[in-house]
Protein chains: 2
Amino acid sequence: MFSKFFEPESVAIIGASKKPLKVGHELLKNVIEGGFTGKIYPINPAAEDILGLKSYSTILDVKEPVDLAVVVVPAQVVPSTIQQCGEKGTKAVVIISAGFSEIGNKSLEEEIVKIAKQFGVRIIGPNCTGIINTHSNLYATMESRVGKGDMAFVTQSGALGGAVLAWAMEKNIGFSKFASYGNACDIDESDLLNYLADDPQTKVITLYIEGVKNGRKFFKAASEAAEKKPLIAIKGGLSKAGARSVASHTGSLAGNEAVYRTVFRQAGIIEADGIEEMFDMGRALAYLEPMRGDKVAILTNSGGPAVLAADALERLGLKVPEPPREIIKELEFLSPVCSRKNPIDLTAEGSPENYAKAFNAIFSMEYYDAGLVIDVPIAWDARGAIETARLLTQAIKNVNKPTVTCWMSGHLVKEAVTVLEENKIPNYETPKRAAKALWALSRFKKRP
Amino acid sequence: MFSKFFEPESVAIIGASKKPLKVGHELLKNVIEGGFTGKIYPINPAAEDILGLKSYSTILDVKEPVDLAVVVVPAQVVPSTIQQCGEKGTKAVVIISAGFSEIGNKSLEEEIVKIAKQFGVRIIGPNCTGIINTHSNLYATMESRVGKGDMAFVTQSGALGGAVLAWAMEKNIGFSKFASYGNACDIDESDLLNYLADDPQTKVITLYIEGVKNGRKFFKAASEAAEKKPLIAIKGGLSKAGARSVASHTGSLAGNEAVYRTVFRQAGIIEADGIEEMFDMGRALAYLEPMRGDKVAILTNSGGPAVLAADALERLGLKVPEPPREIIKELEFLSPVCSRKNPIDLTAEGSPENYAKAFNAIFSMEYYDAGLVIDVPIAWDARGAIETARLLTQAIKNVNKPTVTCWMSGHLVKEAVTVLEENKIPNYETPKRAAKALWALSRFKKRP
């Protein structure tokens, strides 16, 4: 059923508009400019063509089959629109239009659900901002057209979704799928979790929820998804004011903090404390294998950032133990000014070759479960950082242990970080964020 | 005494070099290209001129007085160099050179201290990365030349300092002063705190320390500084591995976590959990007045981000109470779809005018102590965000209550955020970070 939503061969935009800045115009534009290769049918009784495409009065006027309909007409016209979708045989409908249960208009929402059921039509929305499948160039949304990636993002709040997509675009964070599910009159967060759990393009699922209508269904879907791939979630509305706000803008109950924490833990959901952290952890989990144990080796060329990394790791419950004798022996090639304890500090001898050699030495026997590599290049000659990134990438691939980097020096490491990221080695701007990403790697598959 | 360091009229670079990528070359280049307007004297017995400036064999060959000497010669030559500085009458010396107590060479360090004392010469370093005073265009360092700002940054770790400056440059975070104090053979963190506490260009002091040699002196200096202006600090080495690393790379004792926490709290130091947080809080404290109470009003046009902001604020111990009747009355101009509770949610009616009007209404009586304003512009027409930033800036100035913003939508709000930041309204990329900045505003002047 979800393939009609995320991998349609044809899309109708019902309520498409000729007028720039109208939702029905911008959405159609996004579908076209996003590079969707299937058929696109603008539906608008008052237009002959929109943005260069032939327009149709109703979806029933389209002769070919239509897999997906995206609806942006005014709320009161939505029931008849769904009726037409049903008659047409279009089973997947995303309703962007607002004006339903979120403003107290429950009966109108019930009406569309009733009509949809008659025809076996499934609905995402209403009151949502649409869906994206980057891998089939489907941008059925008005929001920013983010790039391809391995993370799916499901959000109850459309506005948060839009803000996150725009924010992520600037940070080159890519997505596999995106779904804003709004009022969830039919398809809800649990259905989406079920689908994404088996979606081969999605390695990690990220989720923003405020309230869950069917707790039992959610627990089952989340547990099953988290068995298959990492599921990271933010629960909004845990505070008094947050819950009040949730009640006023979605009409759902935010629920008790302790209850949610327990459900999250038992379902194997990794809880994120904020947006930044959700995608920091998500990138690590999308790129890397989980940690088998809790021992981290820190390799650095500078004391301060390594100290902060060690502090952050231990605070999160991970271990940063000294290397066993065998590994210390492998590190003997380093001059005496270097520290062979953990953090392993190359000091001024942090040449690209030494980074690679030391990394290999650290993982020369089965002891450490993950690596955290810091490089602070000297400001007046940061060219070495790129070569370090290259040699280190090779070493990490050979060793095959989950490794994150913390190269924080902004403009000095821009190119080097590109090398790392292109090789799916997640880099973080601060030691604390790198540590939290490793923590996420240690959490996956670890149920209480 | 510190004016010779930070506001010298003349600087000698002892160990200046003709060779690019040598420290003595890059440092001189930084001083020249940084736009220092006083006299610059390269000192190098083997050169006649360096980078277009006449070079001198020793500092004694300079006829004019020299306020500040920056020393980059090899460690074993440092004692005779200090001797010459003393004879010349140069009282302020920054020793970049390494190879002293940090590698166990304590006697050499004691020797330079002894010589310096004879002449009344004061030393920053050795084993440091230099100092900056952006307000007199003095970049006596090899590190990135950051822009002007209101925050001073003092760091025990030179490498962390360099990484932070490069990182901050990319984020347009400016500084008043920067000092890497290295081994602190003479001037230490406490002396620098004393100086910065009275520095009119410094509104906020940020500090990274690993170990403190003289705890009593530090407590006194920190307490006195924190009475005068916000002092934010990160204590590195609180974990087992962190402390081990501190011991190996600075030779100082990291000390017990509980002890440090108590000292920080009693001295009125605001503890930062990481780099990002230190400067997030620093910007708020540099731009805004402290909060008098703990009540925050959230003004938004979208539910999700406001929910996250409310959650984060309450978790930090701040309050997000509903408005009193008088304020609700002032908000009556809003249509019924908007929420007049706190968060005050303008929903789709978040026009620039409504933002300004609602902001004025919220602060129309003495109730809330601070504001947090969120704007998620629609992706297909984000132009309004700039006008909102303008009108809101005006409203914030009139109302004169500490207010931060969280406009997170990356490319959609870039220009708008520039308007805010130029008007010293600190913007944060995520609700959580905005909340933490407000927390910092509530902490200053609040001693236990």
# chains A, B, ... in the order shown; residues from 1 in each chain; ligands from 1

$ select_by_dssp --residues "segment 175-359 of chain B" --states "alpha helix (DSSP H)" --output "JSON, numbers by chain"
{"B": [189, 190, 191, 192, 193, 194, 195, 196, 197, 215, 216, 217, 218, 219, 220, 221, 222, 223, 224, 225, 226, 227, 228, 240, 241, 242, 243, 244, 245, 246, 247, 248, 249, 250, 257, 258, 259, 260, 261, 262, 263, 264, 265, 266, 267, 275, 276, 277, 278, 279, 280, 281, 282, 283, 284, 285, 286, 287, 303, 304, 305, 306, 307, 308, 309, 310, 311, 312, 313, 314, 315, 325, 326, 327, 328, 329, 330, 352, 353, 354, 355, 356, 357, 358, 359]}

$ residues_around --residues "Glu111 of chain B" --least-positions-apart "2" --cutoff "12 Å" --atoms "only C-alpha atoms" --output "list in words"
Ala75, Gln76, Val77, Val78, Pro79, Ser80, Thr81, Ile82, Gln83, Phe100, Ser101, Asn105, Lys106, Ser107, Leu108, Glu109, Val113, Lys114, Ile115, Ala116, Lys117, Gln118, Cys185 and Asp186 of chain B

$ decode --residues "segment 42-92 of chain B" --atoms "C-alpha atoms" --output "PDB file, in the first residue's frame"
ATOM      1  CA  PRO B  42      61.156  41.378  13.585  1.00  0.00           C
ATOM      2  CA  ILE B  43      64.141  40.047  15.546  1.00  0.00           C
ATOM      3  CA  ASN B  44      66.402  37.579  13.731  1.00  0.00           C
ATOM      4  CA  PRO B  45      70.225  37.763  13.672  1.00  0.00           C
ATOM      5  CA  ALA B  46      70.361  36.118  10.237  1.00  0.00           C
ATOM      6  CA  ALA B  47      67.979  38.392   8.320  1.00  0.00           C
ATOM      7  CA  GLU B  48      68.065  41.983   7.148  1.00  0.00           C
ATOM      8  CA  ASP B  49      64.377  42.294   6.492  1.00  0.00           C
ATOM      9  CA  ILE B  50      61.365  40.041   6.836  1.00  0.00           C
ATOM     10  CA  LEU B  51      58.023  40.539   5.132  1.00  0.00           C
ATOM     11  CA  GLY B  52      59.107  44.033   4.146  1.00  0.00           C
ATOM     12  CA  LEU B  53      60.122  45.120   7.638  1.00  0.00           C
ATOM     13  CA  LYS B  54      63.671  45.894   8.781  1.00  0.00           C
ATOM     14  CA  SER B  55      64.927  43.072  10.968  1.00  0.00           C
ATOM     15  CA  TYR B  56      67.157  43.354  14.052  1.00  0.00           C
ATOM     16  CA  SER B  57      69.778  40.981  15.466  1.00  0.00           C
ATOM     17  CA  THR B  58      68.522  41.275  19.012  1.00  0.00           C
ATOM     18  CA  ILE B  59      65.851  43.303  20.753  1.00  0.00           C
ATOM     19  CA  LEU B  60      68.686  45.400  22.172  1.00  0.00           C
ATOM     20  CA  ASP B  61      69.436  46.675  18.677  1.00  0.00           C
ATOM     21  CA  VAL B  62      66.031  48.357  18.467  1.00  0.00           C
ATOM     22  CA  LYS B  63      66.522  51.993  19.369  1.00  0.00           C
ATOM     23  CA  GLU B  64      62.893  52.818  20.204  1.00  0.00           C
ATOM     24  CA  PRO B  65      61.116  51.342  23.230  1.00  0.00           C
ATOM     25  CA  VAL B  66      59.411  47.967  22.769  1.00  0.00           C
ATOM     26  CA  ASP B  67      56.259  47.300  24.811  1.00  0.00           C
ATOM     27  CA  LEU B  68      55.640  43.670  23.984  1.00  0.00           C
ATOM     28  CA  ALA B  69      57.926  40.840  22.910  1.00  0.00           C
ATOM     29  CA  VAL B  70      56.577  37.624  21.422  1.00  0.00           C
ATOM     30  CA  VAL B  71      59.141  34.850  21.643  1.00  0.00           C
ATOM     31  CA  VAL B  72      59.268  31.879  19.271  1.00  0.00           C
ATOM     32  CA  VAL B  73      62.938  30.875  19.572  1.00  0.00           C
ATOM     33  CA  PRO B  74      63.962  27.325  20.607  1.00  0.00           C
ATOM     34  CA  ALA B  75      63.542  26.583  24.335  1.00  0.00           C
ATOM     35  CA  GLN B  76      67.253  26.621  25.214  1.00  0.00           C
ATOM     36  CA  VAL B  77      67.629  30.158  23.829  1.00  0.00           C
ATOM     37  CA  VAL B  78      64.657  31.504  25.766  1.00  0.00           C
ATOM     38  CA  PRO B  79      66.590  32.373  28.969  1.00  0.00           C
ATOM     39  CA  SER B  80      69.073  34.623  27.152  1.00  0.00           C
ATOM     40  CA  THR B  81      66.187  36.126  25.190  1.00  0.00           C
ATOM     41  CA  ILE B  82      64.336  37.030  28.397  1.00  0.00           C
ATOM     42  CA  GLN B  83      67.570  38.497  29.740  1.00  0.00           C
ATOM     43  CA  GLN B  84      67.750  40.753  26.681  1.00  0.00           C
ATOM     44  CA  CYS B  85      64.096  41.743  27.021  1.00  0.00           C
ATOM     45  CA  GLY B  86      64.844  42.666  30.603  1.00  0.00           C
ATOM     46  CA  GLU B  87      67.855  44.749  29.652  1.00  0.00           C
ATOM     47  CA  LYS B  88      65.840  46.446  26.923  1.00  0.00           C
ATOM     48  CA  GLY B  89      63.137  47.340  29.403  1.00  0.00           C
ATOM     49  CA  THR B  90      60.428  45.319  27.666  1.00  0.00           C
ATOM     50  CA  LYS B  91      58.183  44.240  30.519  1.00  0.00           C
ATOM     51  CA  ALA B  92      55.585  42.157  28.650  1.00  0.00           C
TER      52      ALA B  92
END
